[in-house]
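Following: one structure in structure tokens, then a few remarks.
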Amino acid sequence: METFFQTHSYLIEHTNSLVRRSLMDTIDWSYRLIGIKGPRGVGKTSFLLQYAKENFDTRLHQCLYINMNSFYFQGRGLVDFAGEFVDEGGVVLLIDQAFKLPDWREQICECYRRYPYLRIVYTTTSVDSSEDDNTLLSSLSRCYVLHGFSFREFINQQTGSHFRPYTINELLSNHEQILRGLLLKVRPWLYFKDYLHHGYYPFYLESRNFTENLLKAMNMMIEVDILFIKQIELKYLSRIKKLLYLLATGDAGSPNISRLAEEIGTSRATVMNYLRYLEEARLINMVYKNGDAFPKKPAAVMLHDTNLMYAVCSPTSAAMEKGRIMESFFVNSLWRHHKVNKGRREGQFRVNDTLDVYVCDRSRRIKSAPDAYCARYDTEMGHDRDIPIWLFGFLY
């Protein structure tokens with residue numbers, strides 16, 4: 001046990017989160033069982049360590065961070081270890097990558113049953129297994145989702161600012177006043193290009209090659225999260241990777257499922273399943289026409305965030321056309337809290353079934369219904385129903 005406390009103290013000492021994630025204040029930490037879900041690279045480990053650093057003195061041994069990558073837990077399990085921790089005065093156990101442990105759901109539930117004064121916070125992947133909605137754990141725990149950095153969080157980190165998030169109603173009705181307040185303190189457009197390239201994943205703060213780190217994380221999302229959790233045979237790995245590449249570099253618009261199936265050597269049904277898995281891993285977003293949903297074919301498939309586009313696609317390829325980059329940013333900024341559908345016209349999106357927003361540059365004239373909005377790029381200011389697209393990055 002002492003070895004784990006020493007590791008915990010070392011990690012806490014070397015944790016220096018430059019941006020306090022807004023999720024920290026959203027979670028009700030009084031719950032005995034809390035789950036933090038999210039894809040690789042968004043900072044779940046740092047999030048746990050920051051919580052411990054803010055709330056517990058390492059000398060008191062009340063809180064302990066453990067990672068299920070440790071072979072110790074593969075051999076011994078979690079329940080008895082948690083009992084020893086409680087006997088030594090422990091009150092909060094932080095379990096990172098819980099899904100790596102065999103029968104992890106059952107073991108966490110047993111800890112919950114045996115140790116009524118122990119609080120457990122665990123992290124797991126965004127990829128769901130078929131059991132996730134029908135387990136005792138899902139009924140006992142309160143789950144939250146950690147996402148990558150928003151553009152707002154990126155600016156706060158880069159400038160030391162403390163800009164708050166805005167609701168979409170605030171943004172639509174009051175964007176001119178919001179912009180005046182922001183532009184007095186910072187020039188967001190100067191940071192926007194960097195954010196599109198490397199700002200979504202917090203490990204850009206590490207002194208290592210960002211693209212190589214991101215490619216490594218992407219491979220792990222497929223090789224471990226998807227194959228391991230979905231119980232897919234290793235021989236099909238290359239098909240899923242090729243599918244992701246074809247989606248990233250292919251034409252904009254609705255994907256040709258039959259052609260994709262032929263190119264990776266499988267059936268249409270399997271391609272659709274692979275698309276769903278890639279979306280759960282937060283590698284792609286599937287955008288449907290209004291009224292459609294899976295398992296229907298999406299109206300558009302785009303990489304989940306623009307950082308992935310820069311990592312996968314050649315800078316001179318058609319896939320890196322500015323409009324596609326901006327559409328990916330727009331969808332990524334809205335999908336967590338809003339329903340986003342593809343409209344009939346180029347660059348048109350339907351938000352929450354009622355709001356039409358066109359993603360376009362500052363010179364495009366939109367002949368449409370008078371209540372539509374434009375999310376315009378290559379501009380810093382907004383007026384009336386024209387809103388600079390970067391401001392949608394302040395929605396969370």
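Chain identifiers are assigned as A, B, and so on, following the order in which chains appear in the structure tokens; residues are numbered from 1 within each chain, and ligands are numbered from 1 in order of appearance.
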
inquiry  = Report as JSON, numbers by chain all protein, DNA and RNA residues lying within 12 Å of Thr354 of chain A, evaluated on only C-alpha atoms, omitting residues in the same chain fewer than 3 positions from it.
reply    = {"A": [290, 338, 339, 340, 341, 343, 349, 350, 351, 357, 369, 371, 372, 373]}

With the cut-off set at 9 Å and counting only C-alpha atoms, tabulate each residue of segment 177-237 of chain A with an atom at most that distance from an atom of segment 380-388 of chain A, showing the nearest atom pair and its distance in Å to one decimal, ordered by chain and increasing number, as JSON lines.
{"residue": "A:Leu179", "atom": "CA", "partner": "A:Met381", "partner_atom": "CA", "distance": 7.1}
{"residue": "A:Arg180", "atom": "CA", "partner": "A:Met381", "partner_atom": "CA", "distance": 8.8}
{"residue": "A:Leu183", "atom": "CA", "partner": "A:Glu380", "partner_atom": "CA", "distance": 9.0}
{"residue": "A:Arg187", "atom": "CA", "partner": "A:Glu380", "partner_atom": "CA", "distance": 8.3}
{"residue": "A:Pro188", "atom": "CA", "partner": "A:Glu380", "partner_atom": "CA", "distance": 7.9}
{"residue": "A:Trp189", "atom": "CA", "partner": "A:Glu380", "partner_atom": "CA", "distance": 6.3}

Those same residues, written as a PDB file, in the first residue's frame with N, CA, C and O atoms?
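Heads up, here's the output in out_23.pdb:
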ATOM      1  N   LEU A 179     -18.958  39.845 -28.061  1.00  0.00           N
ATOM      2  CA  LEU A 179     -17.737  40.096 -28.826  1.00  0.00           C
ATOM      3  C   LEU A 179     -17.013  41.348 -28.354  1.00  0.00           C
ATOM      4  O   LEU A 179     -15.785  41.356 -28.232  1.00  0.00           O
ATOM      5  N   ARG A 180     -17.767  42.400 -28.074  1.00  0.00           N
ATOM      6  CA  ARG A 180     -17.130  43.636 -27.610  1.00  0.00           C
ATOM      7  C   ARG A 180     -16.371  43.391 -26.303  1.00  0.00           C
ATOM      8  O   ARG A 180     -15.256  43.891 -26.118  1.00  0.00           O
ATOM      9  N   LEU A 183     -13.184  41.143 -27.143  1.00  0.00           N
ATOM     10  CA  LEU A 183     -12.142  41.774 -27.950  1.00  0.00           C
ATOM     11  C   LEU A 183     -11.422  42.893 -27.211  1.00  0.00           C
ATOM     12  O   LEU A 183     -10.348  43.330 -27.650  1.00  0.00           O
ATOM     13  N   ARG A 187      -7.536  38.798 -28.664  1.00  0.00           N
ATOM     14  CA  ARG A 187      -7.874  38.695 -30.086  1.00  0.00           C
ATOM     15  C   ARG A 187      -7.995  37.211 -30.419  1.00  0.00           C
ATOM     16  O   ARG A 187      -7.016  36.566 -30.819  1.00  0.00           O
ATOM     17  N   PRO A 188      -9.173  36.630 -30.245  1.00  0.00           N
ATOM     18  CA  PRO A 188      -9.327  35.172 -30.389  1.00  0.00           C
ATOM     19  C   PRO A 188      -8.878  34.635 -31.736  1.00  0.00           C
ATOM     20  O   PRO A 188      -8.367  33.513 -31.825  1.00  0.00           O
ATOM     21  N   TRP A 189      -9.085  35.416 -32.795  1.00  0.00           N
ATOM     22  CA  TRP A 189      -8.737  34.907 -34.119  1.00  0.00           C
ATOM     23  C   TRP A 189      -7.248  34.586 -34.235  1.00  0.00           C
ATOM     24  O   TRP A 189      -6.846  33.696 -34.991  1.00  0.00           O
TER      25      TRP A 189
END

note = Residue with the minimum atom-to-atom distance to Tyr72 of chain A, picked from A:Ala311, A:Leu18, A:Met302, A:Leu101 with only C-alpha atoms counted, is A:Leu101

task = Find the residues around segment 122-128 of chain A up to 7 Å (only C-alpha atoms counted), leave out those fewer than 4 positions away in its own chain, and share them as an NGL selection string.
result = :A and (34-39 or 44 or 94-99 or 132 or 225-226 or 280-281)

Please produce a file of those selected residues containing N, CA and C atoms, as a PDB file, in the first residue's frame.
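Wrote it out as selection.pdb, contents follow:
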ATOM      1  N   ILE A  34     -18.879   7.639  -8.852  1.00  0.00           N
ATOM      2  CA  ILE A  34     -18.888   8.591  -9.963  1.00  0.00           C
ATOM      3  C   ILE A  34     -18.047   8.035 -11.106  1.00  0.00           C
ATOM      4  N   GLY A  35     -18.604   8.050 -12.311  1.00  0.00           N
ATOM      5  CA  GLY A  35     -17.878   7.627 -13.496  1.00  0.00           C
ATOM      6  C   GLY A  35     -17.538   8.811 -14.381  1.00  0.00           C
ATOM      7  N   ILE A  36     -16.315   8.845 -14.891  1.00  0.00           N
ATOM      8  CA  ILE A  36     -15.871   9.870 -15.833  1.00  0.00           C
ATOM      9  C   ILE A  36     -15.547   9.167 -17.146  1.00  0.00           C
ATOM     10  N   LYS A  37     -16.359   9.428 -18.165  1.00  0.00           N
ATOM     11  CA  LYS A  37     -16.148   8.810 -19.466  1.00  0.00           C
ATOM     12  C   LYS A  37     -15.507   9.812 -20.422  1.00  0.00           C
ATOM     13  N   GLY A  38     -14.775   9.283 -21.388  1.00  0.00           N
ATOM     14  CA  GLY A  38     -14.189  10.159 -22.390  1.00  0.00           C
ATOM     15  C   GLY A  38     -13.187   9.411 -23.238  1.00  0.00           C
ATOM     16  N   PRO A  39     -12.904   9.925 -24.431  1.00  0.00           N
ATOM     17  CA  PRO A  39     -11.918   9.270 -25.306  1.00  0.00           C
ATOM     18  C   PRO A  39     -10.499   9.501 -24.812  1.00  0.00           C
ATOM     19  N   LYS A  44      -8.337  12.718 -18.862  1.00  0.00           N
ATOM     20  CA  LYS A  44      -9.053  12.098 -17.729  1.00  0.00           C
ATOM     21  C   LYS A  44      -8.110  11.860 -16.546  1.00  0.00           C
ATOM     22  N   LEU A  94      -9.563   6.809  -6.421  1.00  0.00           N
ATOM     23  CA  LEU A  94      -9.631   7.256  -7.811  1.00  0.00           C
ATOM     24  C   LEU A  94      -9.080   6.145  -8.694  1.00  0.00           C
ATOM     25  N   ILE A  95      -9.925   5.546  -9.518  1.00  0.00           N
ATOM     26  CA  ILE A  95      -9.549   4.383 -10.322  1.00  0.00           C
ATOM     27  C   ILE A  95      -9.480   4.790 -11.790  1.00  0.00           C
ATOM     28  N   ASP A  96      -8.297   4.840 -12.332  1.00  0.00           N
ATOM     29  CA  ASP A  96      -8.098   5.247 -13.724  1.00  0.00           C
ATOM     30  C   ASP A  96      -8.116   4.025 -14.637  1.00  0.00           C
ATOM     31  N   GLN A  97      -8.739   4.185 -15.816  1.00  0.00           N
ATOM     32  CA  GLN A  97      -8.843   3.128 -16.826  1.00  0.00           C
ATOM     33  C   GLN A  97      -9.442   1.849 -16.235  1.00  0.00           C
ATOM     34  N   ALA A  98     -10.556   2.020 -15.560  1.00  0.00           N
ATOM     35  CA  ALA A  98     -11.193   0.894 -14.859  1.00  0.00           C
ATOM     36  C   ALA A  98     -11.508  -0.262 -15.794  1.00  0.00           C
ATOM     37  N   PHE A  99     -11.819   0.031 -17.051  1.00  0.00           N
ATOM     38  CA  PHE A  99     -12.241  -1.014 -17.988  1.00  0.00           C
ATOM     39  C   PHE A  99     -11.130  -2.009 -18.305  1.00  0.00           C
ATOM     40  N   ASP A 132     -23.271  -1.942 -21.036  1.00  0.00           N
ATOM     41  CA  ASP A 132     -23.171  -0.709 -20.273  1.00  0.00           C
ATOM     42  C   ASP A 132     -24.508  -0.161 -19.782  1.00  0.00           C
ATOM     43  N   ASP A 225      -9.480   0.310 -27.405  1.00  0.00           N
ATOM     44  CA  ASP A 225     -10.845   0.650 -27.007  1.00  0.00           C
ATOM     45  C   ASP A 225     -11.897  -0.057 -27.859  1.00  0.00           C
ATOM     46  N   ILE A 226     -11.758   0.014 -29.172  1.00  0.00           N
ATOM     47  CA  ILE A 226     -12.772  -0.586 -30.037  1.00  0.00           C
ATOM     48  C   ILE A 226     -12.639  -2.102 -30.075  1.00  0.00           C
ATOM     49  N   GLU A 280     -18.335   6.302 -31.404  1.00  0.00           N
ATOM     50  CA  GLU A 280     -18.259   6.134 -29.956  1.00  0.00           C
ATOM     51  C   GLU A 280     -16.854   6.440 -29.443  1.00  0.00           C
ATOM     52  N   ALA A 281     -15.840   6.102 -30.231  1.00  0.00           N
ATOM     53  CA  ALA A 281     -14.454   6.378 -29.849  1.00  0.00           C
ATOM     54  C   ALA A 281     -14.085   7.843 -30.039  1.00  0.00           C
TER      55      ALA A 281
END

task = Give me the residues within 12 Å of segment 146-148 of chain A as an NGL selection string, counting only C-alpha atoms and dropping any in the same chain fewer than 6 places off.
result = :A and (19 or 21-24 or 26-27 or 35-48 or 123-126 or 154 or 195 or 198-204 or 281-282 or 304-307 or 332-333 or 335-337 or 393 or 396)

task = Counting only C-alpha atoms, figure out which residue out of A:Ile178, A:Phe228, A:Tyr112, A:Asp361 gets nearest to Tyr31 of chain A.
result =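 Using only C-alpha atoms, the shortest distance to Tyr31 of chain A belongs to A:Tyr112.
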